[in-house]
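Enquirer: I am sharing upload15.cif, which consists of mmCIF, C-alpha atoms:
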data_work
#
loop_
_atom_site.label_atom_id
_atom_site.label_comp_id
_atom_site.auth_asym_id
_atom_site.auth_seq_id
_atom_site.Cartn_x
_atom_site.Cartn_y
_atom_site.Cartn_z
CA MET A 1 28.86 0.58 -22.15
CA HIS A 2 29.28 -0.43 -18.55
CA LEU A 3 25.88 -0.93 -16.93
CA ARG A 4 26.61 1.45 -14.11
CA MET A 5 27.68 4.14 -16.54
CA ALA A 6 24.62 3.44 -18.68
CA ALA A 7 22.39 3.92 -15.66
CA LEU A 8 23.91 7.27 -14.84
CA VAL A 9 23.75 8.52 -18.41
CA GLY A 10 20.18 7.31 -18.69
CA SER A 11 19.34 9.12 -15.51
CA ALA A 12 20.67 12.39 -16.86
CA LEU A 13 18.73 12.06 -20.10
CA ILE A 14 15.51 11.24 -18.31
CA THR A 15 15.96 14.03 -15.82
CA PHE A 16 16.29 16.58 -18.58
CA SER A 17 13.24 15.23 -20.37
CA LEU A 18 10.98 15.91 -17.39
CA PRO A 19 9.49 19.31 -16.65
CA LEU A 20 11.19 20.58 -13.52
CA PRO A 21 8.80 20.93 -10.57
CA LEU A 22 8.31 24.32 -9.04
CA GLY A 23 11.07 25.16 -6.62
CA ALA A 24 13.65 23.24 -8.58
CA ALA A 25 17.10 24.78 -8.60
CA SER A 26 20.51 23.64 -9.64
CA ALA A 27 22.37 21.12 -7.55
CA GLN A 28 25.34 23.47 -7.32
CA SER A 29 23.38 26.13 -5.44
CA SER A 30 21.36 23.78 -3.25
CA PRO A 31 22.18 22.51 0.22
CA GLN A 32 22.69 18.74 0.03
CA GLY A 33 22.08 17.84 3.65
CA ARG A 34 25.62 16.66 4.25
CA ASN A 35 25.78 18.30 7.68
CA TRP A 36 23.24 19.48 10.24
CA ALA A 37 23.49 23.11 9.11
CA GLU A 38 22.56 22.11 5.57
CA ILE A 39 19.78 19.85 6.81
CA ALA A 40 18.22 22.85 8.57
CA LYS A 41 17.82 24.46 5.14
CA LEU A 42 16.02 21.49 3.59
CA PRO A 43 12.21 21.36 3.27
CA ASP A 44 10.10 20.04 6.14
CA TRP A 45 9.14 16.47 5.34
CA SER A 46 8.42 15.51 8.94
CA GLY A 47 5.49 13.37 9.95
CA TYR A 48 4.03 10.27 8.34
CA TRP A 49 2.89 10.04 4.74
CA MET A 50 0.06 7.91 3.36
CA ILE A 51 -1.17 7.47 -0.20
CA THR A 52 -3.83 9.91 -1.35
CA ARG A 53 -7.26 8.75 -2.37
CA GLU A 54 -6.43 9.42 -6.02
CA GLY A 55 -3.03 7.80 -5.69
CA GLY A 56 -1.42 10.14 -8.19
CA ASP A 57 -1.97 10.56 -11.90
CA ALA A 58 -3.85 7.98 -13.92
CA ALA A 59 -0.70 5.99 -14.55
CA GLY A 60 0.29 6.14 -10.89
CA ALA A 61 -3.12 5.00 -9.76
CA GLU A 62 -2.99 1.93 -11.94
CA THR A 63 -2.47 -1.19 -9.88
CA SER A 64 -1.49 -3.65 -12.52
CA GLY A 65 0.60 -3.70 -15.65
CA LYS A 66 -2.40 -2.51 -17.64
CA GLY A 67 -1.40 0.66 -19.42
CA VAL A 68 2.27 0.09 -18.65
CA PRO A 69 4.45 -0.07 -21.80
CA LEU A 70 5.40 -3.71 -21.30
CA THR A 71 7.37 -5.72 -23.81
CA PRO A 72 5.39 -8.63 -25.27
CA ALA A 73 7.35 -11.08 -23.14
CA TYR A 74 6.54 -9.26 -19.91
CA ALA A 75 2.94 -8.64 -20.93
CA LYS A 76 2.58 -12.40 -21.25
CA ARG A 77 4.31 -12.96 -17.93
CA GLU A 78 1.96 -10.55 -16.26
CA HIS A 79 -1.09 -12.11 -17.91
CA ASP A 80 0.00 -15.56 -16.79
CA ALA A 81 0.73 -14.36 -13.26
CA ILE A 82 -2.72 -12.81 -12.89
CA ALA A 83 -4.35 -15.92 -14.35
CA SER A 84 -2.59 -18.06 -11.75
CA ASN A 85 -3.60 -15.68 -8.93
CA ALA A 86 0.04 -14.87 -8.21
CA GLN A 87 0.51 -13.04 -4.94
CA GLU A 88 2.54 -9.96 -4.18
CA PRO A 89 5.69 -10.37 -2.07
CA LEU A 90 3.98 -8.21 0.53
CA THR A 91 1.32 -10.88 0.87
CA TYR A 92 3.91 -12.96 2.66
CA CYS A 93 5.48 -9.93 4.36
CA LEU A 94 8.45 -10.04 2.02
CA PRO A 95 9.99 -6.67 1.08
CA ALA A 96 8.39 -4.81 -1.81
CA GLY A 97 11.27 -2.61 -2.94
CA PRO A 98 11.19 1.05 -3.94
CA ILE A 99 8.48 0.78 -6.61
CA GLY A 100 6.31 -1.84 -4.94
CA ALA A 101 6.29 -0.13 -1.54
CA MET A 102 5.08 3.17 -2.96
CA GLU A 103 2.70 1.42 -5.33
CA HIS A 104 1.19 -0.32 -2.36
CA GLY A 105 0.90 3.05 -0.65
CA LEU A 106 2.73 2.04 2.51
CA VAL A 107 2.70 4.69 5.23
CA HIS A 108 6.24 5.96 5.53
CA GLN A 109 8.49 8.49 7.24
CA TYR A 110 11.58 10.39 6.06
CA LEU A 111 14.49 10.85 8.46
CA PHE A 112 17.23 13.32 7.53
CA THR A 113 20.74 12.80 8.90
CA PRO A 114 24.01 14.10 7.43
CA GLY A 115 24.53 12.51 4.02
CA LEU A 116 21.65 10.08 4.38
CA ILE A 117 17.86 10.09 4.10
CA THR A 118 16.25 7.04 5.65
CA VAL A 119 12.74 6.06 4.66
CA ILE A 120 10.94 3.87 7.19
CA MET A 121 7.94 1.93 5.85
CA GLU A 122 5.02 0.62 7.86
CA ASP A 123 5.83 -2.97 6.91
CA GLY A 124 9.27 -2.61 8.45
CA GLU A 125 11.21 -2.05 5.23
CA ILE A 126 13.94 0.55 5.38
CA ARG A 127 15.23 2.45 2.37
CA ARG A 128 18.50 4.37 2.50
CA ILE A 129 19.05 7.27 0.10
CA PHE A 130 22.64 8.47 0.23
CA THR A 131 23.13 12.20 -0.27
CA ASP A 132 26.81 12.30 0.61
CA GLY A 133 27.98 12.45 -2.97
CA ARG A 134 28.99 8.82 -3.34
CA ALA A 135 28.68 6.84 -6.58
CA HIS A 136 26.56 3.74 -7.08
CA LEU A 137 27.80 0.35 -6.04
CA PRO A 138 28.56 -1.97 -8.96
CA LEU A 139 25.61 -4.11 -9.98
CA SER A 140 27.66 -7.19 -9.16
CA GLN A 141 27.27 -6.25 -5.48
CA LEU A 142 23.52 -5.71 -5.72
CA GLN A 143 22.29 -9.17 -6.71
CA GLY A 144 19.33 -10.28 -4.63
CA ARG A 145 18.47 -6.81 -3.38
CA TYR A 146 14.95 -5.54 -2.85
CA MET A 147 15.56 -1.82 -2.26
CA GLY A 148 18.68 -1.49 -4.36
CA ASP A 149 21.21 1.30 -4.23
CA SER A 150 19.74 4.81 -4.05
CA ILE A 151 21.77 7.97 -4.58
CA GLY A 152 20.04 11.30 -4.02
CA HIS A 153 20.79 14.95 -4.55
CA TRP A 154 18.81 18.11 -4.00
CA GLU A 155 17.90 20.67 -6.62
CA GLY A 156 16.19 23.32 -4.54
CA ASN A 157 13.25 21.69 -2.77
CA VAL A 158 13.31 18.66 -5.04
CA LEU A 159 15.08 15.46 -4.05
CA ILE A 160 16.19 13.54 -7.13
CA VAL A 161 16.87 9.89 -6.43
CA ASP A 162 18.62 7.50 -8.79
CA THR A 163 18.16 3.83 -7.92
CA ILE A 164 19.68 0.72 -9.46
CA GLY A 165 20.09 -2.89 -8.39
CA PHE A 166 16.73 -4.00 -6.98
CA PRO A 167 16.05 -7.21 -8.93
CA ASN A 168 13.81 -8.66 -6.20
CA GLY A 169 11.67 -5.53 -5.86
CA SER A 170 8.10 -5.82 -7.09
CA LEU A 171 6.82 -3.67 -9.95
CA PHE A 172 3.07 -3.38 -9.61
CA GLN A 173 0.01 -5.03 -8.19
CA GLY A 174 -1.68 -8.13 -9.37
CA GLY A 175 1.08 -9.79 -11.30
CA GLY A 176 3.71 -10.69 -8.83
CA LEU A 177 6.33 -9.41 -11.28
CA THR A 178 9.68 -8.19 -10.09
CA ALA A 179 12.32 -5.92 -11.56
CA THR A 180 15.55 -7.18 -13.11
CA ILE A 181 19.13 -6.36 -12.23
CA ASN A 182 19.04 -3.72 -14.98
CA THR A 183 15.87 -1.90 -13.89
CA HIS A 184 16.59 1.76 -13.31
CA LEU A 185 14.39 4.14 -11.33
CA VAL A 186 14.62 7.93 -11.21
CA GLU A 187 12.37 9.81 -8.80
CA HIS A 188 11.72 13.52 -8.34
CA ILE A 189 10.32 13.83 -4.80
CA PHE A 190 8.91 17.15 -3.60
CA LYS A 191 5.99 18.77 -1.84
CA ASN A 192 3.73 20.10 -4.56
CA ASN A 193 1.52 23.19 -4.55
CA HIS A 194 -1.26 21.24 -2.82
CA GLY A 195 0.95 20.31 0.12
CA LEU A 196 1.15 16.72 -1.05
CA MET A 197 4.33 14.72 -1.30
CA GLU A 198 4.63 14.07 -5.01
CA ILE A 199 6.89 11.42 -6.49
CA ASP A 200 7.42 11.67 -10.24
CA ASN A 201 8.79 8.32 -11.41
CA VAL A 202 10.56 7.18 -14.53
CA VAL A 203 11.43 3.49 -14.78
CA THR A 204 13.47 1.97 -17.57
CA ASP A 205 14.47 -1.59 -18.37
CA PRO A 206 14.74 -2.79 -21.96
CA ALA A 207 13.70 -6.31 -20.96
CA ILE A 208 10.46 -5.11 -19.34
CA PHE A 209 9.43 -1.81 -20.96
CA THR A 210 9.21 -0.72 -24.57
CA LYS A 211 9.74 2.89 -23.48
CA PRO A 212 10.25 4.67 -20.14
CA TRP A 213 7.36 4.01 -17.75
CA LYS A 214 6.40 7.40 -16.33
CA PHE A 215 3.92 7.92 -13.55
CA ILE A 216 3.21 10.13 -10.55
CA ARG A 217 2.23 9.08 -7.04
CA THR A 218 1.00 11.46 -4.37
CA PHE A 219 0.98 11.13 -0.59
CA GLN A 220 -0.66 13.14 2.15
CA ARG A 221 0.31 13.62 5.78
CA ALA A 222 -1.23 10.79 7.74
CA SER A 223 -3.37 11.31 10.81
CA ILE A 224 -2.18 8.01 12.24
CA GLU A 225 1.10 6.95 13.75
CA LEU A 226 3.47 4.66 11.93
CA GLY A 227 2.65 1.34 13.56
CA GLU A 228 5.06 -1.21 14.87
CA PRO A 229 6.61 -3.29 12.08
CA GLY A 230 4.54 -6.35 12.89
CA CYS A 231 3.71 -7.66 9.44
CA ARG A 232 4.78 -11.20 10.20
CA THR A 233 3.34 -11.34 13.68
CA ASN A 234 0.06 -9.80 12.51
CA LEU A 235 -0.25 -11.81 9.33
CA ARG A 236 -3.46 -13.86 9.32
CA ASP A 237 -4.37 -13.75 5.62
CA THR A 238 -1.86 -14.88 3.00
CA GLY A 239 -4.24 -14.76 0.08
CA ASP A 240 -4.70 -18.51 -0.07
CA SER A 241 -5.32 -19.22 3.61
CA ILE A 242 -6.87 -17.30 6.47
CA ASP A 243 -6.49 -17.88 10.18
CA LEU A 244 -9.68 -16.72 11.91
CA THR A 245 -8.49 -17.57 15.42
CA PRO A 246 -9.13 -14.75 17.90
CA PRO A 247 -6.11 -13.24 19.64
CA GLU A 248 -4.89 -15.12 22.63
CA GLY A 249 -6.47 -13.86 25.83
CA SER A 250 -9.38 -12.11 24.12
CA MET B 1 -21.11 -8.14 -10.45
CA ASN B 2 -17.61 -6.99 -11.28
CA SER B 3 -15.49 -8.66 -8.63
CA LYS B 4 -12.45 -6.51 -9.41
CA LYS B 5 -14.41 -3.36 -8.63
CA LEU B 6 -15.61 -4.93 -5.41
CA LEU B 7 -12.06 -5.71 -4.43
CA ALA B 8 -11.09 -2.13 -5.00
CA ALA B 9 -14.02 -0.85 -3.04
CA VAL B 10 -14.03 -3.21 -0.11
CA LEU B 11 -10.67 -4.61 0.87
CA LEU B 12 -8.22 -2.14 -0.40
CA TYR B 13 -7.04 1.37 -0.11
CA ALA B 14 -9.10 3.93 -1.92
CA GLY B 15 -8.98 5.24 -5.44
CA ALA B 16 -5.74 3.67 -6.39
CA ALA B 17 -6.48 0.23 -5.04
CA ARG B 18 -3.63 -1.24 -3.08
CA ALA B 19 -4.19 -4.92 -2.53
CA HIS B 20 -2.04 -6.73 -0.05
CA HIS B 21 -3.26 -9.82 -1.86
CA SER B 22 -6.21 -11.04 -3.83
CA ALA B 23 -9.46 -11.64 -2.00
CA VAL B 24 -10.75 -14.66 -3.84
CA MET B 25 -11.54 -16.44 -0.57
CA PHE B 26 -14.48 -14.11 0.00
CA ASP B 27 -17.81 -14.34 -1.81
CA HIS B 28 -18.29 -10.81 -3.08
CA SER B 29 -21.74 -11.56 -4.41
CA LYS B 30 -23.12 -11.96 -0.88
CA CYS B 31 -23.56 -9.80 2.15
CA VAL B 32 -23.89 -11.20 5.66
CA VAL B 33 -25.21 -9.11 8.53
CA ILE B 34 -23.85 -10.21 11.88
CA SER B 35 -24.77 -8.62 15.21
CA GLY B 36 -22.67 -9.36 18.23
CA THR B 37 -20.36 -8.16 20.96
CA VAL B 38 -16.79 -7.12 20.30
CA ARG B 39 -14.38 -9.78 21.51
CA ALA B 40 -11.26 -8.16 20.05
CA PHE B 41 -10.28 -5.49 17.55
CA ARG B 42 -6.83 -5.08 16.00
CA PHE B 43 -6.07 -1.84 14.12
CA GLU B 44 -2.83 -2.87 12.47
CA TYR B 45 -0.80 -3.56 9.34
CA PRO B 46 -1.14 -5.57 7.12
CA HIS B 47 -4.84 -5.95 7.95
CA SER B 48 -7.14 -4.86 10.71
CA TRP B 49 -9.40 -7.50 12.26
CA LEU B 50 -12.55 -7.65 14.36
CA TRP B 51 -13.83 -10.68 16.27
CA LEU B 52 -17.44 -10.73 17.45
CA THR B 53 -19.11 -13.01 19.97
CA VAL B 54 -22.46 -13.82 18.37
CA PRO B 55 -25.39 -15.43 20.23
CA ASP B 56 -27.16 -18.40 18.71
CA LYS B 57 -30.75 -19.59 19.08
CA GLN B 58 -29.77 -22.35 21.49
CA GLY B 59 -28.56 -19.88 24.08
CA GLY B 60 -24.93 -20.37 23.28
CA SER B 61 -22.56 -18.26 21.23
CA SER B 62 -19.83 -18.50 18.64
CA THR B 63 -17.15 -16.24 17.20
CA TRP B 64 -17.12 -14.49 13.83
CA ALA B 65 -13.94 -12.91 12.43
CA PHE B 66 -13.83 -10.01 9.97
CA GLU B 67 -10.93 -8.65 7.97
CA PHE B 68 -10.46 -4.93 7.25
CA PRO B 69 -7.88 -2.86 5.39
CA ALA B 70 -4.78 -1.66 7.21
CA PRO B 71 -5.15 1.52 9.32
CA ALA B 72 -4.22 3.86 6.47
CA GLY B 73 -7.01 2.49 4.34
CA LEU B 74 -9.55 2.81 7.14
CA VAL B 75 -8.45 6.34 8.03
CA MET B 76 -8.82 7.30 4.39
CA SER B 77 -12.40 6.09 4.55
CA ASP B 78 -13.34 7.76 7.85
CA PRO B 79 -10.54 9.79 9.44
CA THR B 80 -12.64 10.84 12.41
CA HIS B 81 -13.87 7.52 13.71
CA TRP B 82 -11.30 4.85 12.79
CA ARG B 83 -8.83 4.55 15.68
CA SER B 84 -7.21 1.71 17.54
CA ASP B 85 -9.85 2.02 20.27
CA ALA B 86 -12.81 2.54 17.94
CA LEU B 87 -14.33 -0.86 18.75
CA PRO B 88 -13.69 -1.62 22.43
CA LYS B 89 -14.27 -5.04 23.91
CA GLY B 90 -17.90 -5.48 24.93
CA MET B 91 -19.36 -2.97 22.47
CA LYS B 92 -22.45 -4.26 20.65
CA VAL B 93 -22.13 -3.73 16.92
CA THR B 94 -23.52 -5.00 13.63
CA ALA B 95 -21.11 -6.05 10.92
CA TYR B 96 -21.79 -6.13 7.16
CA ALA B 97 -19.40 -8.28 5.21
CA ALA B 98 -18.71 -10.51 2.22
CA PRO B 99 -18.63 -14.02 3.74
CA MET B 100 -15.94 -16.66 3.45
CA ARG B 101 -16.47 -18.98 0.49
CA ASP B 102 -15.54 -22.02 2.57
CA GLY B 103 -18.41 -21.50 5.00
CA ARG B 104 -16.33 -20.61 8.01
CA GLN B 105 -17.61 -17.84 10.24
CA GLY B 106 -15.65 -14.97 8.78
CA GLY B 107 -15.80 -12.30 6.16
CA LEU B 108 -14.36 -9.27 4.48
CA MET B 109 -15.78 -6.24 6.24
CA ASN B 110 -17.81 -3.68 4.33
CA SER B 111 -18.97 -1.62 7.29
CA VAL B 112 -19.76 -1.81 10.96
CA VAL B 113 -22.63 -0.05 12.73
CA LEU B 114 -22.05 1.30 16.23
CA PRO B 115 -24.63 1.25 19.07
CA ASN B 116 -25.59 4.85 18.26
CA GLY B 117 -26.37 3.87 14.68
CA TYR B 118 -23.29 5.41 13.10
CA ARG B 119 -21.88 3.30 10.27
CA MET B 120 -18.11 3.11 9.85
CA HIS B 121 -17.15 2.08 6.33
CA ALA B 122 -14.12 -0.03 5.56
CA ALA B 123 -13.74 1.61 2.16
CA PRO B 124 -14.16 5.23 1.08
CA ASP B 125 -17.22 4.71 -1.07
CA SER B 126 -20.28 5.10 1.08
CA VAL B 127 -22.33 2.32 -0.49
CA THR B 128 -23.30 -0.30 2.03
CA CYS B 129 -22.76 -3.91 1.10
CA GLU B 130 -26.44 -4.78 1.17
CA GLU B 131 -27.05 -2.00 -1.33
CA LYS B 132 -23.95 -2.86 -3.30
CA TYR B 133 -24.65 -6.55 -3.55
CA TYR B 134 -28.42 -6.50 -3.80
CA GLY B 135 -29.35 -3.11 -5.16
CA ALA B 136 -28.30 -3.95 -8.69
CA HIS B 137 -29.62 -7.49 -8.58
CA PRO B 138 -32.47 -7.66 -6.05
CA GLY B 139 -33.34 -11.18 -5.08
CA ASP B 140 -30.15 -12.67 -6.46
CA GLU B 141 -29.02 -13.76 -3.03
CA VAL B 142 -30.60 -14.25 0.35
CA LEU B 143 -29.43 -11.78 2.94
CA LYS B 144 -28.21 -13.85 5.85
CA LYS B 145 -28.74 -12.46 9.32
CA VAL B 146 -27.14 -13.96 12.38
CA GLY B 147 -27.36 -12.87 15.99
CA ALA B 148 -29.52 -10.42 17.84
CA PRO B 149 -30.87 -7.46 15.86
#
Could you spell out this file's structure in structure tokens?

Expert:
Amino acid sequence: MHLRMAALVGSALITFSLPLPLGAASAQSSPQGRNWAEIAKLPDWSGYWMITREGGDAAGAETSGKGVPLTPAYAKREHDAIASNAQEPLTYCLPAGPIGAMEHGLVHQYLFTPGLITVIMEDGEIRRIFTDGRAHLPLSQLQGRYMGDSIGHWEGNVLIVDTIGFPNGSLFQGGGLTATINTHLVEHIFKNNHGLMEIDNVVTDPAIFTKPWKFIRTFQRASIELGEPGCRTNLRDTGDSIDLTPPEGS
Amino acid sequence: MNSKKLLAAVLLYAGAARAHHSAVMFDHSKCVVISGTVRAFRFEYPHSWLWLTVPDKQGGSSTWAFEFPAPAGLVMSDPTHWRSDALPKGMKVTAYAAPMRDGRQGGLMNSVVLPNGYRMHAAPDSVTCEEKYYGAHPGDEVLKKVGAP
């Protein structure tokens, strides 16, 4: 089966295996945000969002591959990476990708425009989620990507995002491991009954996981502004060296 | 002492620890207490930083540098007090931190005490580093104090 087709079929199967969050409705009856009138009917996701203290469910709060259904080969890779004190891409202000950015808990903001939801991260990364009904790009055009290709649609107040093609995106803390070209992410994003932004994730990749990796992450509205994207200019600690020099002029 | 738990408690975001990187350059078994005057404070991603001018016994002074979590991590710890202008230049404060392993004058901040005695924690747990590092193992290390009390 063509990889792109496999991703879409896999997405459908996974979607049906998850309990639908409250407020979920069919895609047919839901506004998709393809024009300003439809956007006015979408839920209010304004403001800035930061990770909650709990981080999500137990699986979502985990910061390493521990507890993740890794294949023996990837379990060894992760063990070796931790043993060698491997650093996250974010350590060097490299992009983290859709899983790594949320795992890190980056403060972020959602911007709704017709057919497109843009997610701006505090490290300067930008994620585009297309809601205009387009299909995925072929994987052959997504080599070397960090954020990949994200297609979203609304089912009531729930945004369902299907992402492929982020082989350079990081997976989780502590191991420095990245996805592969075949890693597939499906997210259900919605404001839950506690007013938190909840992201229910299912990640599949036969090379990395023995079964779908399911976890939840939760975010709360932040009381701080999204700062300037100054990761590189502010970077003083790269994990293996620290510059203690005071700021010029201080 | 479980260094992984210290990492989660000190450098990183709360609960679900979110390391920007490992913190092996800091000695998490020690706690230094440094009193001085704020030279600069940066409330920013990927890490916040504080530089203190610290007097020495010879009448001179030197600079100490302390690393904090990014603003979101600090706000999670103390949403009322952590702001970009929380530590203005010239303010006299006392810093509690895990020192650099290489002996340079720097550390990973645990908490900072303001002139009015209020302690701002760098991590959501309210345990101070002197309690954290010495409470379980009293006498294991010598608490190092630098600068005016």

Enquirer: Within 9 Å of Asn182 (chain A), counting only C-alpha atoms, which residues show up once you throw out same-chain ones fewer than 6 positions away? Write them as a ChimeraX atom specification, please.

Expert: /A:3,7,139,164-167,204-207

Enquirer: Could you save those same residues with C-alpha atoms as a PDB file, in the frame of the given file?

Expert:
ATOM      1  CA  LEU A   3      25.880  -0.930 -16.930  1.00  0.00           C
ATOM      2  CA  ALA A   7      22.390   3.920 -15.660  1.00  0.00           C
ATOM      3  CA  LEU A 139      25.610  -4.110  -9.980  1.00  0.00           C
ATOM      4  CA  ILE A 164      19.680   0.720  -9.460  1.00  0.00           C
ATOM      5  CA  GLY A 165      20.090  -2.890  -8.390  1.00  0.00           C
ATOM      6  CA  PHE A 166      16.730  -4.000  -6.980  1.00  0.00           C
ATOM      7  CA  PRO A 167      16.050  -7.210  -8.930  1.00  0.00           C
ATOM      8  CA  THR A 204      13.470   1.970 -17.570  1.00  0.00           C
ATOM      9  CA  ASP A 205      14.470  -1.590 -18.370  1.00  0.00           C
ATOM     10  CA  PRO A 206      14.740  -2.790 -21.960  1.00  0.00           C
ATOM     11  CA  ALA A 207      13.700  -6.310 -20.960  1.00  0.00           C
TER      12      ALA A 207
END

Enquirer: Taking 3 positions as the minimum chain separation for residues in the same chain, which residues sit within 6 Å of Ser150 (chain A) when counting all atoms listed in the file? Answer as a ChimeraX atom specification.

Expert: /A:129,162-163

Enquirer: Is there a way to get, as a PyMOL selection string, all residues within 6 Å of the point (24.6, 2.8, -8.2) in file coordinates, counting all atoms listed in the file?

Expert: chain A and resi 135-137+149+164

Enquirer: With a cut-off of 6 Å and counting only C-alpha atoms, select all residues of chain A in contact with chain B and give the selection as a compact mmCIF listing (two decimals) with C-alpha atoms, keeping the file's coordinate frame.

Expert:
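Below is the file out39.txt, written as the result:
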# COMPACT_ATOMS: atom_id res chain seq x y z
CA ARG A 53 -7.26 8.75 -2.37
CA GLU A 54 -6.43 9.42 -6.02
CA GLY A 55 -3.03 7.80 -5.69
CA ALA A 61 -3.12 5.00 -9.76
CA GLN A 87 0.51 -13.04 -4.94
CA THR A 91 1.32 -10.88 0.87
CA HIS A 104 1.19 -0.32 -2.36
CA CYS A 231 3.71 -7.66 9.44
CA GLY A 239 -4.24 -14.76 0.08
CA LEU A 244 -9.68 -16.72 11.91
CA SER A 250 -9.38 -12.11 24.12

Enquirer: Apply the PyMOL selection byres ((chain A and resi 143) around 10) to the structure shown and report the selected residues as an MDAnalysis selection string.

Expert: chainID A and resid 138:142 144:146 148 165:168 180:181

Enquirer: Selection from above, C-alpha atoms, as a PDB file, in the coordinates of the input, can you write it?

Expert:
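Okay, this is what ended up in result24.pdb:
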ATOM      1  CA  PRO A 138      28.560  -1.970  -8.960  1.00  0.00           C
ATOM      2  CA  LEU A 139      25.610  -4.110  -9.980  1.00  0.00           C
ATOM      3  CA  SER A 140      27.660  -7.190  -9.160  1.00  0.00           C
ATOM      4  CA  GLN A 141      27.270  -6.250  -5.480  1.00  0.00           C
ATOM      5  CA  LEU A 142      23.520  -5.710  -5.720  1.00  0.00           C
ATOM      6  CA  GLY A 144      19.330 -10.280  -4.630  1.00  0.00           C
ATOM      7  CA  ARG A 145      18.470  -6.810  -3.380  1.00  0.00           C
ATOM      8  CA  TYR A 146      14.950  -5.540  -2.850  1.00  0.00           C
ATOM      9  CA  GLY A 148      18.680  -1.490  -4.360  1.00  0.00           C
ATOM     10  CA  GLY A 165      20.090  -2.890  -8.390  1.00  0.00           C
ATOM     11  CA  PHE A 166      16.730  -4.000  -6.980  1.00  0.00           C
ATOM     12  CA  PRO A 167      16.050  -7.210  -8.930  1.00  0.00           C
ATOM     13  CA  ASN A 168      13.810  -8.660  -6.200  1.00  0.00           C
ATOM     14  CA  THR A 180      15.550  -7.180 -13.110  1.00  0.00           C
ATOM     15  CA  ILE A 181      19.130  -6.360 -12.230  1.00  0.00           C
TER      16      ILE A 181
END

Enquirer: Take the PyMOL selection byres ((chain A and resi 39) around 12), apply it to the structure above, and return the hits as a PyMOL selection string.

Expert: chain A and resi 30-38+40-45+111-117+131+154+157

Enquirer: If the PyMOL selection byres ((chain B and resi 35) around 12) is run on the structure shown, which residues does it catch, given as a PyMOL selection string?

Expert: chain B and resi 32-34+36-38+51-56+61-65+91-97+112-115+144-149

Enquirer: Could you tell me how far CA of Ala101 (chain A) lies from CA of Asp27 (chain B), in Å and to one decimal?

Expert: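 Interatomic distance here is 28.0 Å.
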
Enquirer: To one decimal in Å, tell me the separation between CA of Ser26 (chain A) and CA of Gly152 (chain A).

Expert: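 Separation of CA of Ser26 (chain A) and CA of Gly152 (chain A): 13.6 Å.
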
Enquirer: Record the distance separating CA of Asn116 (chain B) and CA of Lys30 (chain B), expressed in Å with one decimal.

Expert: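 These two atoms are separated by 25.6 Å.
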
Enquirer: Which is closest to Phe26 (chain B) among B:Ser111, B:Pro99, B:Thr128, B:Gly117, if we use all atoms listed in the file?

Expert: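 Answer, going by the shortest atom-to-atom distance: B:Pro99.
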
Enquirer: Can you tell me, as a PyMOL selection string, what residues are no more than 8 Å from Val107 (chain A) when counting all atoms listed in the file, ignoring any on the same chain fewer than 5 positions away?

Expert: (chain A and resi 48-51+121-122+222+226) or (chain B and resi 72)
